[in-house]
Amino acid sequence: MRRYDPTEIEPRWVSRWDEEDLYRASEDPADPRPRFYALDMFSYPSGDLHLGHAEAFSGGDAVARFMAMRGHNVLHPIGWDAFGLPAENAAIKRGIHPKEWTYANIEQQASSFRRMGMSFDWTRRLATCDPEYYRWTQWLFVKLFERGLAYRKTAPANWCPKDQTVLANEQVIAGACERCGTPVVRKDLTQWFFKITDYAQRLLDDVDELADWPERVITMQRNWIGRSEGAEVTFQIAETGDEVEVFTTRPDTLWGVTFFVFAIEHPLVMKLAEAGGTAEQAKALLDRLQATPLTNREQADSREGLPLGVHAINPVNGEQVPVFVAPYVLMEYGTGAVMGVPAHDQRDFEFARANDLPIRVVVQPEGQERDPASMTEAYDHEGVMVGSGPLDGVRSPESISEVIAWLQREGKGKASVSFRLRDWLISRQRYWGAPIPIIHCPEHGEVAVPEDQLPVLLPDDVDFRPGGESPLARNEGFVNVTCPTCGAPARRDTDTMDTFVDSSWYYFRYCSPNDERRAFDPEAVARWMPVDQYVGGVEHAILHLLYCRFFTKVLYDLGLIAFTEPMLRLMNQGQVIFGGASMSKSKGNVVELMPFVERWGSDTMRVTILFAGPFEDDIDWKLIAPDSERRPGANAWLGRVHATVGEAAGREAPETNELRRHTHGTIKGVTRDLERFRFNVAISKLQVLTNEIRSALDAGHGAHEAAGALVQMLAPLAPFTAEELWRVELGHPESVHRSAWPTYDPELARDDRVTLVLQVDGKVRDRVEVDPDVSEEACRALALGSEGVQRAVGSRTIARLVVRAPRLVNVVTAG
RNA sequence: GGGCGAGUGGCGGAAUUGGCAGACGCGCAGGAUUCAGGUUCCUGUGUCCGAAAGGACGUGGGGGUUCAACUCCCCCCUCGCCCACCA
């Protein structure tokens, strides 16, 4: 029996598992096993794996292995989300091609994953920057385009005038370009969008099907979609006759309207300013505000506004109120215009105070009276209608439907629903992404690249440094093409797609990763999907998962799949932080993964991380492993398991009933724990079992069954150590990872003695060992006969006895 | 400002969902092994009183329900995350 030496054991099994092709998912239709799709969020190849990967993938791998041992045909694939800005920026910084940098990182991560012993089916490996992959990303774009779900429109973007490039919001630091410090301006650009808003209601409704998703993710998705019910009300501009709609959730407050406001981007603003004789001031305001970067809008004087000199007619009472343009109204939400009800909306209240506008209370809290002169904030709760003509005296919630009915009868409005969700801007003026497969023809406009001409290859010989437009626009050979419809000279679209597009469908591709004829084989997808278990970071709780759900519904509408939700169960691992802060290179607190693995072993890393706390919680590495030189506790435990199992293997003596009971109880508990991702608790139970086996051996007993079960239960959590013990020490010819998960005998798993707790007035005064089937009567007798109970009761009289056989008796005294 | 979640020893965390609070591990202390450090093994380890037996207190704070509360209800404090001018 050798000393536990993971650096010798682990690499040996990496190559052995390769030879035995242990983790290949079976495509054999005759395979009787139920299938299980265990998906881990794929990796972004920016450098080698770090501790965050270790946590996510240790959990995902444990589930995949556990389900395989429980008799499932498991699909556990891996790939890389390989397009995007970090690769481009790193490449620019190092002067190498993004492709080179990306594939080098992929190779490094792949090799680290193998060293970690992840149970991936490597035959399905993919990267989104492979032409064989993005060909189908482009195909999907064309499908959306054909259905009218991909369209172009002009939208404002952050623009750096010096670098001549569009910046993501994260690249704008305090209103300036993060690279050169130049103040950023707003610039309107024609961009591609996916019409995800068409699916807003379905995305919201189907959230109810996601029973096994974390509650907080469901909440975030709901809030992000942001459905509001209310009414659309038509106002007329007195001076010009223009009809303008507003959206409001409070049509009951229509009688409280004292002004009207347009967003600065609203198309009517300049026309109305001219009509009102304020064109000059309006233009000055618009120019100034539009030069302000989007992220600075919040910092602008939020209650600034300009009266346009025209008036809006309130449809319910014919009153004319002044019309303003103000930055606090957003063009992107509702209709880009709002009615101002200062008494009952806080933002309107502040605007009215800042601009000396009247405040009119039309909802009074019951039994109170708000006076506009003395109000310090808007009253936005329920109440009784006042000053509202026919609605006076009605409670405000009930009055809403009455107002809507009235508006509808009069043709001045209707019930309406508004969503917070916006269409998805997917075009990027960047090099390292999937080219948008569209050709712009002077005659035929936007023409999709025909399917047999996909992929539109990303050319290698491009000056990919940013500068004004998409780098692809500088490549004449790429840009100049002929129109697929008429053959006339035309120009390729030079934008690339947001990487979130690439990652919205990769789990479909895993089902038939080498299909050269289609994005995925519908039969393979029908067999494997939906995904049974998805594991990944909570930072993707909104965008990525929403996009995945959107794509799935589009594919359903295309008739390609028969389900509408892609992921049945979702689990978010916590972050690994250091000293209370997230790890980052700039803080210099990054802990590398592979040096730890090389020194202590992958199994030690896995157990350390999984044992540190609940899977969903953050782990502070500084608290878990404060001294990198000291032997980690997980390593010491695995060493004890190694020694203990080795000793048990050579012991012929019979096992005690006590140990057998303990073994079966542990199987029961650990099985439940692994089903619920409670790895930390599972490991603690295995540690207790290890200690029990140790004691049994020390007492001269055998421990064959216990040792075997321990090794099997260890397999999902510490796959190398378990394999070494199973095959080498316990002498099994087949891998532990192909063995059947141990089952427990319910009779044995039940304790044959339980502790009856004896309390007096709720305080523990004695304990007795009893049979689990002990009668209530016997418990009562034991309690009354107990010396500890008698001492505690003393001279007081006993009022009652609460008996919960076989757990507890509470003796309640009088007084 | 809105929404969600969490506060348990020196530390990470358990607690069959209302029934022995602190499992398991880290750390620390003492002992054994070792030339020594590390490793390994044994013992102890919530706080306070006590030599011990035993007792009192104890799950952020305050109140409540209950025979019994970390767990359920109300108020407050602190921290974390998400969304933040969404009409």
# chains A, B, ... in the order shown; residues from 1 in each chain; ligands from 1
>>> interface_residues(of="chain A", to="chain B", cutoff="8 Å", atoms="only C-alpha atoms (C1' of nucleotides)", output="ChimeraX atom specification")
/A:216,219-220,223-224,226,247-249,298,302,328-329,333-334,338-339,347,420,612-613,623-624,633,681,684-685,687-688,757,761-762,764,801-802,807-808,810-812
>>> write_last_selection(atoms="N, CA, C and O atoms", output="short mmCIF file (atom, residue, chain, number, x, y, z; two decimals), in the first residue's frame")
data_model
loop_
_atom_site.label_atom_id
_atom_site.label_comp_id
_atom_site.auth_asym_id
_atom_site.auth_seq_id
_atom_site.Cartn_x
_atom_site.Cartn_y
_atom_site.Cartn_z
N ARG A 216 -34.77 33.35 -7.56
CA ARG A 216 -34.27 34.70 -7.85
C ARG A 216 -34.05 34.90 -9.35
O ARG A 216 -34.22 36.01 -9.86
N THR A 219 -37.38 35.61 -10.82
CA THR A 219 -37.77 36.99 -10.51
C THR A 219 -37.04 37.97 -11.42
O THR A 219 -37.62 38.90 -11.95
N MET A 220 -35.73 37.75 -11.60
CA MET A 220 -34.96 38.65 -12.44
C MET A 220 -35.50 38.64 -13.87
O MET A 220 -35.58 39.69 -14.51
N ASN A 223 -38.76 40.60 -13.94
CA ASN A 223 -38.54 42.04 -13.84
C ASN A 223 -37.95 42.61 -15.12
O ASN A 223 -38.24 43.73 -15.51
N TRP A 224 -37.08 41.83 -15.74
CA TRP A 224 -36.42 42.29 -16.96
C TRP A 224 -37.44 42.43 -18.08
O TRP A 224 -37.42 43.40 -18.84
N GLY A 226 -40.61 42.85 -17.54
CA GLY A 226 -41.28 44.03 -17.01
C GLY A 226 -42.63 44.38 -17.63
O GLY A 226 -42.79 45.44 -18.23
N PHE A 247 -48.73 56.19 -22.72
CA PHE A 247 -49.05 54.99 -21.97
C PHE A 247 -49.05 55.35 -20.49
O PHE A 247 -48.18 56.09 -20.03
N THR A 248 -50.06 54.86 -19.77
CA THR A 248 -50.08 55.11 -18.33
C THR A 248 -50.63 53.89 -17.60
O THR A 248 -51.50 53.20 -18.11
N THR A 249 -50.05 53.62 -16.42
CA THR A 249 -50.59 52.55 -15.59
C THR A 249 -51.67 53.12 -14.67
O THR A 249 -52.31 52.39 -13.94
N GLU A 298 -28.17 59.99 -16.79
CA GLU A 298 -28.62 59.94 -15.40
C GLU A 298 -28.07 61.10 -14.59
O GLU A 298 -28.72 61.58 -13.66
N SER A 302 -32.03 66.08 -13.73
CA SER A 302 -33.09 65.18 -14.11
C SER A 302 -34.44 65.86 -14.25
O SER A 302 -35.34 65.31 -14.81
N TYR A 328 -36.14 63.46 -18.79
CA TYR A 328 -36.56 62.39 -17.88
C TYR A 328 -37.57 61.45 -18.52
O TYR A 328 -37.84 60.37 -17.98
N VAL A 329 -38.10 61.84 -19.65
CA VAL A 329 -38.98 60.92 -20.38
C VAL A 329 -38.14 60.15 -21.40
O VAL A 329 -37.34 60.73 -22.13
N TYR A 333 -39.32 53.65 -23.86
CA TYR A 333 -40.38 52.98 -23.12
C TYR A 333 -41.73 53.62 -23.44
O TYR A 333 -41.83 54.83 -23.62
N GLY A 334 -42.76 52.80 -23.48
CA GLY A 334 -44.10 53.30 -23.76
C GLY A 334 -44.14 53.95 -25.13
O GLY A 334 -43.66 53.37 -26.10
N VAL A 338 -45.40 61.35 -22.08
CA VAL A 338 -46.17 61.02 -20.88
C VAL A 338 -47.08 62.18 -20.51
O VAL A 338 -46.81 63.34 -20.83
N MET A 339 -48.16 61.81 -19.82
CA MET A 339 -49.00 62.85 -19.23
C MET A 339 -48.42 63.12 -17.84
O MET A 339 -47.98 62.21 -17.15
N ARG A 347 -41.91 61.40 -10.01
CA ARG A 347 -41.08 62.09 -11.01
C ARG A 347 -41.81 63.31 -11.53
O ARG A 347 -41.22 64.38 -11.71
N ARG A 420 -41.01 46.31 -20.48
CA ARG A 420 -39.74 46.96 -20.27
C ARG A 420 -38.68 46.41 -21.25
O ARG A 420 -37.73 47.09 -21.60
N ALA A 612 -16.55 23.52 0.76
CA ALA A 612 -16.42 24.83 1.41
C ALA A 612 -17.75 25.42 1.85
O ALA A 612 -17.79 26.22 2.78
N GLY A 613 -18.82 25.06 1.19
CA GLY A 613 -20.11 25.63 1.55
C GLY A 613 -21.15 25.25 0.54
O GLY A 613 -20.85 24.50 -0.39
N LEU A 623 -10.30 32.49 3.06
CA LEU A 623 -10.73 31.86 4.31
C LEU A 623 -10.62 30.34 4.24
O LEU A 623 -10.42 29.67 5.25
N ILE A 624 -10.77 29.80 3.03
CA ILE A 624 -10.79 28.35 2.85
C ILE A 624 -9.37 27.78 2.79
O ILE A 624 -9.09 26.72 3.33
N GLY A 633 -6.99 20.50 4.01
CA GLY A 633 -7.76 19.51 4.75
C GLY A 633 -8.34 18.44 3.85
O GLY A 633 -8.38 17.25 4.21
N VAL A 681 -22.65 18.86 2.31
CA VAL A 681 -23.23 17.97 3.31
C VAL A 681 -22.90 16.51 2.95
O VAL A 681 -22.61 15.70 3.84
N SER A 684 -19.46 15.78 4.10
CA SER A 684 -19.36 15.62 5.56
C SER A 684 -19.83 14.23 5.98
O SER A 684 -19.24 13.62 6.88
N LYS A 685 -20.86 13.72 5.31
CA LYS A 685 -21.34 12.37 5.65
C LYS A 685 -20.29 11.32 5.27
O LYS A 685 -20.11 10.32 6.00
N GLN A 687 -17.15 11.83 5.29
CA GLN A 687 -16.08 11.95 6.28
C GLN A 687 -16.45 11.20 7.55
O GLN A 687 -15.61 10.53 8.16
N VAL A 688 -17.71 11.31 7.94
CA VAL A 688 -18.15 10.56 9.12
C VAL A 688 -18.01 9.06 8.88
O VAL A 688 -17.51 8.33 9.73
N VAL A 757 -34.94 11.98 23.93
CA VAL A 757 -34.53 13.16 24.68
C VAL A 757 -35.58 13.48 25.73
O VAL A 757 -36.77 13.54 25.42
N ASP A 761 -39.69 21.29 31.02
CA ASP A 761 -39.99 22.66 30.60
C ASP A 761 -39.11 23.09 29.42
O ASP A 761 -38.57 24.19 29.39
N GLY A 762 -38.93 22.18 28.49
CA GLY A 762 -38.21 22.52 27.26
C GLY A 762 -36.70 22.43 27.37
O GLY A 762 -36.01 22.69 26.39
N VAL A 764 -33.25 20.15 28.10
CA VAL A 764 -32.81 18.75 28.10
C VAL A 764 -32.23 18.41 29.47
O VAL A 764 -31.34 19.08 29.98
N LEU A 801 -47.51 15.94 30.15
CA LEU A 801 -46.38 15.31 29.47
C LEU A 801 -46.63 15.38 27.97
O LEU A 801 -47.67 14.94 27.50
N VAL A 802 -45.67 15.96 27.23
CA VAL A 802 -45.76 15.94 25.76
C VAL A 802 -44.86 14.80 25.29
O VAL A 802 -43.66 14.82 25.53
N ARG A 807 -38.69 10.13 19.84
CA ARG A 807 -37.70 11.20 19.84
C ARG A 807 -37.59 11.92 21.18
O ARG A 807 -36.48 12.21 21.62
N LEU A 808 -38.75 12.26 21.76
CA LEU A 808 -38.70 13.27 22.80
C LEU A 808 -39.88 13.18 23.77
O LEU A 808 -40.99 12.84 23.39
N ASN A 810 -41.39 15.85 26.77
CA ASN A 810 -41.23 17.12 27.48
C ASN A 810 -42.14 17.11 28.70
O ASN A 810 -43.35 16.97 28.59
N VAL A 811 -41.51 17.21 29.88
CA VAL A 811 -42.27 17.23 31.13
C VAL A 811 -42.56 18.69 31.48
O VAL A 811 -41.62 19.46 31.70
N VAL A 812 -43.84 19.06 31.46
CA VAL A 812 -44.20 20.45 31.74
C VAL A 812 -44.69 20.56 33.18
O VAL A 812 -45.61 19.86 33.58
#
>>> select_by_dssp(residues="range 221-316 of chain A", states="helix (DSSP H, G or I)", output="ChimeraX atom specification")
/A:221-225,251-256,269-276,279-291,294-299
>>> closest_residue(among="A:Val14, A:Leu784, A:Ala715, A:Ala703", to="Thr656 in chain A", atoms="only C-alpha atoms")
A:Ala703
>>> residues_around(residues="Asp532 in chain A", least_positions_apart="2", cutoff="8 Å", atoms="only C-alpha atoms (C1' of nucleotides)", output="ChimeraX atom specification")
/A:36-39,529-530,534,567-569
>>> write_last_selection(atoms="N, CA, C and O atoms", output="mmCIF file, in the first residue's frame")
data_model
loop_
_atom_site.group_PDB
_atom_site.id
_atom_site.type_symbol
_atom_site.label_atom_id
_atom_site.label_comp_id
_atom_site.auth_asym_id
_atom_site.auth_seq_id
_atom_site.Cartn_x
_atom_site.Cartn_y
_atom_site.Cartn_z
ATOM 1 N N PHE A 36 -29.716 11.538 -20.048
ATOM 2 C CA PHE A 36 -29.598 12.686 -19.152
ATOM 3 C C PHE A 36 -28.626 13.675 -19.771
ATOM 4 O O PHE A 36 -27.486 13.341 -20.075
ATOM 5 N N TYR A 37 -29.093 14.905 -19.968
ATOM 6 C CA TYR A 37 -28.275 15.934 -20.595
ATOM 7 C C TYR A 37 -27.774 16.859 -19.481
ATOM 8 O O TYR A 37 -28.539 17.627 -18.912
ATOM 9 N N ALA A 38 -26.500 16.718 -19.162
ATOM 10 C CA ALA A 38 -25.874 17.552 -18.122
ATOM 11 C C ALA A 38 -25.036 18.607 -18.819
ATOM 12 O O ALA A 38 -24.022 18.299 -19.441
ATOM 13 N N LEU A 39 -25.466 19.844 -18.726
ATOM 14 C CA LEU A 39 -24.800 20.920 -19.462
ATOM 15 C C LEU A 39 -24.158 21.917 -18.510
ATOM 16 O O LEU A 39 -24.792 22.383 -17.564
ATOM 17 N N MET A 529 -32.822 16.502 -25.736
ATOM 18 C CA MET A 529 -33.278 17.746 -25.107
ATOM 19 C C MET A 529 -34.719 17.638 -24.620
ATOM 20 O O MET A 529 -35.426 16.762 -25.054
ATOM 21 N N PRO A 530 -35.176 18.548 -23.754
ATOM 22 C CA PRO A 530 -34.428 19.687 -23.211
ATOM 23 C C PRO A 530 -33.309 19.261 -22.262
ATOM 24 O O PRO A 530 -33.250 18.118 -21.814
ATOM 25 N N TYR A 534 -28.639 22.402 -16.098
ATOM 26 C CA TYR A 534 -27.749 23.438 -16.618
ATOM 27 C C TYR A 534 -27.052 24.067 -15.412
ATOM 28 O O TYR A 534 -27.715 24.454 -14.447
ATOM 29 N N MET A 567 -34.170 24.565 -20.869
ATOM 30 C CA MET A 567 -33.477 24.044 -19.686
ATOM 31 C C MET A 567 -34.492 23.692 -18.602
ATOM 32 O O MET A 567 -35.202 24.573 -18.129
ATOM 33 N N LEU A 568 -34.526 22.425 -18.197
ATOM 34 C CA LEU A 568 -35.496 22.012 -17.194
ATOM 35 C C LEU A 568 -35.088 22.481 -15.805
ATOM 36 O O LEU A 568 -35.907 22.913 -15.019
ATOM 37 N N ARG A 569 -33.799 22.333 -15.524
ATOM 38 C CA ARG A 569 -33.343 22.639 -14.180
ATOM 39 C C ARG A 569 -32.080 23.474 -14.280
ATOM 40 O O ARG A 569 -31.207 23.192 -15.094
#
>>> atom_distance(atom1="CA of Phe141 in chain A", atom2="CA of Val501 in chain A")
8.9 Å
>>> residues_around(residues="Tyr744 in chain A", least_positions_apart="6", cutoff="12 Å", atoms="only C-alpha atoms (C1' of nucleotides)", output="VMD selection string")
chain A and resid 660 to 672 705 to 706 709 750
>>> write_last_selection(atoms="all heavy atoms", output="compact mmCIF listing (two decimals), in the first residue's frame")
# COMPACT_ATOMS: atom_id res chain seq x y z
N ARG A 660 -22.59 -1.58 9.32
CA ARG A 660 -23.46 -1.80 8.16
C ARG A 660 -24.62 -0.81 8.18
O ARG A 660 -24.98 -0.24 7.16
CB ARG A 660 -24.00 -3.24 8.18
CG ARG A 660 -22.93 -4.28 7.94
CD ARG A 660 -23.54 -5.56 7.41
NE ARG A 660 -24.16 -5.30 6.11
CZ ARG A 660 -25.13 -6.05 5.59
NH1 ARG A 660 -25.61 -7.09 6.28
NH2 ARG A 660 -25.62 -5.78 4.41
N ARG A 661 -25.20 -0.62 9.35
CA ARG A 661 -26.29 0.35 9.46
C ARG A 661 -25.82 1.73 9.06
O ARG A 661 -26.49 2.46 8.34
CB ARG A 661 -26.80 0.40 10.90
CG ARG A 661 -28.03 -0.45 11.15
CD ARG A 661 -28.72 -0.02 12.42
NE ARG A 661 -27.79 0.20 13.51
CZ ARG A 661 -27.27 -0.77 14.25
NH1 ARG A 661 -27.60 -2.03 14.02
NH2 ARG A 661 -26.43 -0.49 15.21
N HIS A 662 -24.64 2.05 9.53
CA HIS A 662 -24.11 3.36 9.23
C HIS A 662 -23.88 3.52 7.72
O HIS A 662 -24.18 4.55 7.12
CB HIS A 662 -22.80 3.59 9.99
CG HIS A 662 -22.49 5.03 10.14
ND1 HIS A 662 -22.75 5.74 11.29
CD2 HIS A 662 -22.02 5.93 9.24
CE1 HIS A 662 -22.43 7.00 11.10
NE2 HIS A 662 -21.99 7.14 9.86
N THR A 663 -23.35 2.47 7.11
CA THR A 663 -23.10 2.50 5.66
C THR A 663 -24.40 2.75 4.91
O THR A 663 -24.47 3.63 4.04
CB THR A 663 -22.49 1.16 5.21
OG1 THR A 663 -21.28 0.97 5.93
CG2 THR A 663 -22.21 1.18 3.72
N HIS A 664 -25.44 2.00 5.25
CA HIS A 664 -26.69 2.13 4.51
C HIS A 664 -27.37 3.47 4.77
O HIS A 664 -27.98 4.05 3.85
CB HIS A 664 -27.61 0.94 4.81
CG HIS A 664 -27.15 -0.31 4.14
ND1 HIS A 664 -27.79 -0.86 3.05
CD2 HIS A 664 -26.06 -1.09 4.35
CE1 HIS A 664 -27.13 -1.92 2.63
NE2 HIS A 664 -26.08 -2.10 3.42
N GLY A 665 -27.25 3.95 5.98
CA GLY A 665 -27.79 5.28 6.28
C GLY A 665 -27.06 6.34 5.48
O GLY A 665 -27.67 7.30 4.99
N THR A 666 -25.75 6.17 5.33
CA THR A 666 -24.96 7.15 4.57
C THR A 666 -25.35 7.11 3.10
O THR A 666 -25.48 8.16 2.46
CB THR A 666 -23.46 6.86 4.74
OG1 THR A 666 -23.16 6.87 6.14
CG2 THR A 666 -22.63 7.91 4.04
N ILE A 667 -25.56 5.91 2.56
CA ILE A 667 -25.97 5.81 1.15
C ILE A 667 -27.27 6.58 0.95
O ILE A 667 -27.41 7.37 0.01
CB ILE A 667 -26.16 4.33 0.73
CG1 ILE A 667 -24.82 3.60 0.75
CG2 ILE A 667 -26.79 4.25 -0.66
CD1 ILE A 667 -24.94 2.10 0.60
N LYS A 668 -28.20 6.36 1.86
CA LYS A 668 -29.48 7.05 1.75
C LYS A 668 -29.29 8.56 1.76
O LYS A 668 -29.82 9.28 0.91
CB LYS A 668 -30.37 6.62 2.94
CG LYS A 668 -31.76 7.19 2.91
CD LYS A 668 -32.55 6.69 4.10
CE LYS A 668 -33.95 7.30 4.13
NZ LYS A 668 -34.70 6.89 5.32
N GLY A 669 -28.52 9.04 2.72
CA GLY A 669 -28.33 10.48 2.87
C GLY A 669 -27.56 11.10 1.73
O GLY A 669 -27.95 12.14 1.19
N VAL A 670 -26.46 10.48 1.34
CA VAL A 670 -25.61 11.05 0.29
C VAL A 670 -26.37 11.08 -1.04
O VAL A 670 -26.24 12.04 -1.81
CB VAL A 670 -24.29 10.26 0.18
CG1 VAL A 670 -23.52 10.65 -1.07
CG2 VAL A 670 -23.42 10.51 1.41
N THR A 671 -27.16 10.06 -1.30
CA THR A 671 -27.94 10.04 -2.54
C THR A 671 -28.87 11.25 -2.59
O THR A 671 -28.93 11.96 -3.59
CB THR A 671 -28.77 8.74 -2.62
OG1 THR A 671 -27.88 7.63 -2.50
CG2 THR A 671 -29.51 8.65 -3.95
N ARG A 672 -29.56 11.47 -1.48
CA ARG A 672 -30.43 12.65 -1.42
C ARG A 672 -29.65 13.94 -1.58
O ARG A 672 -30.07 14.86 -2.29
CB ARG A 672 -31.15 12.69 -0.07
CG ARG A 672 -32.39 11.85 0.00
CD ARG A 672 -32.87 11.77 1.44
NE ARG A 672 -33.03 13.10 2.02
CZ ARG A 672 -34.21 13.66 2.24
NH1 ARG A 672 -35.31 13.00 1.96
NH2 ARG A 672 -34.30 14.86 2.75
N GLU A 705 -17.92 -3.91 2.91
CA GLU A 705 -19.08 -3.25 2.31
C GLU A 705 -18.96 -1.74 2.47
O GLU A 705 -19.20 -0.99 1.52
CB GLU A 705 -20.35 -3.75 2.99
CG GLU A 705 -21.60 -3.13 2.41
CD GLU A 705 -22.85 -3.50 3.22
OE1 GLU A 705 -22.88 -3.26 4.45
OE2 GLU A 705 -23.77 -4.03 2.62
N ALA A 706 -18.61 -1.32 3.67
CA ALA A 706 -18.50 0.11 3.95
C ALA A 706 -17.47 0.77 3.04
O ALA A 706 -17.70 1.83 2.47
CB ALA A 706 -18.15 0.33 5.41
N ALA A 709 -18.75 1.01 -0.60
CA ALA A 709 -19.76 2.05 -0.76
C ALA A 709 -19.13 3.43 -0.67
O ALA A 709 -19.47 4.34 -1.43
CB ALA A 709 -20.84 1.89 0.31
N ARG A 750 -32.34 2.13 8.70
CA ARG A 750 -33.06 2.61 9.87
C ARG A 750 -32.22 2.34 11.12
O ARG A 750 -31.68 1.25 11.28
CB ARG A 750 -34.36 1.82 9.98
CG ARG A 750 -35.57 2.64 10.35
CD ARG A 750 -36.81 1.81 10.08
NE ARG A 750 -36.84 0.65 10.96
CZ ARG A 750 -37.63 0.57 12.04
NH1 ARG A 750 -38.41 1.56 12.34
NH2 ARG A 750 -37.62 -0.50 12.80
>>> residues_around(residues="Phe611 in chain A", least_positions_apart="5", cutoff="7 Å", atoms="only C-alpha atoms (C1' of nucleotides)", output="PyMOL selection string")
chain A and resi 679-680+683
>>> write_last_selection(atoms="N, CA and C atoms", output="PDB file, in the first residue's frame")
ATOM      1  N   PHE A 679     -23.413  19.241  -2.008  1.00  0.00           N
ATOM      2  CA  PHE A 679     -22.132  18.540  -2.006  1.00  0.00           C
ATOM      3  C   PHE A 679     -21.435  18.651  -0.665  1.00  0.00           C
ATOM      4  N   ASN A 680     -21.517  19.829  -0.046  1.00  0.00           N
ATOM      5  CA  ASN A 680     -20.815  20.020   1.227  1.00  0.00           C
ATOM      6  C   ASN A 680     -21.339  19.065   2.293  1.00  0.00           C
ATOM      7  N   ILE A 683     -20.266  15.430   1.464  1.00  0.00           N
ATOM      8  CA  ILE A 683     -18.870  15.166   1.827  1.00  0.00           C
ATOM      9  C   ILE A 683     -18.737  14.977   3.334  1.00  0.00           C
TER      10      ILE A 683
END
>>> closest_residue(among="A:Glu369, A:Glu239, A:Glu232, A:Glu539", to="Ser418 in chain A", atoms="only C-alpha atoms")
A:Glu232
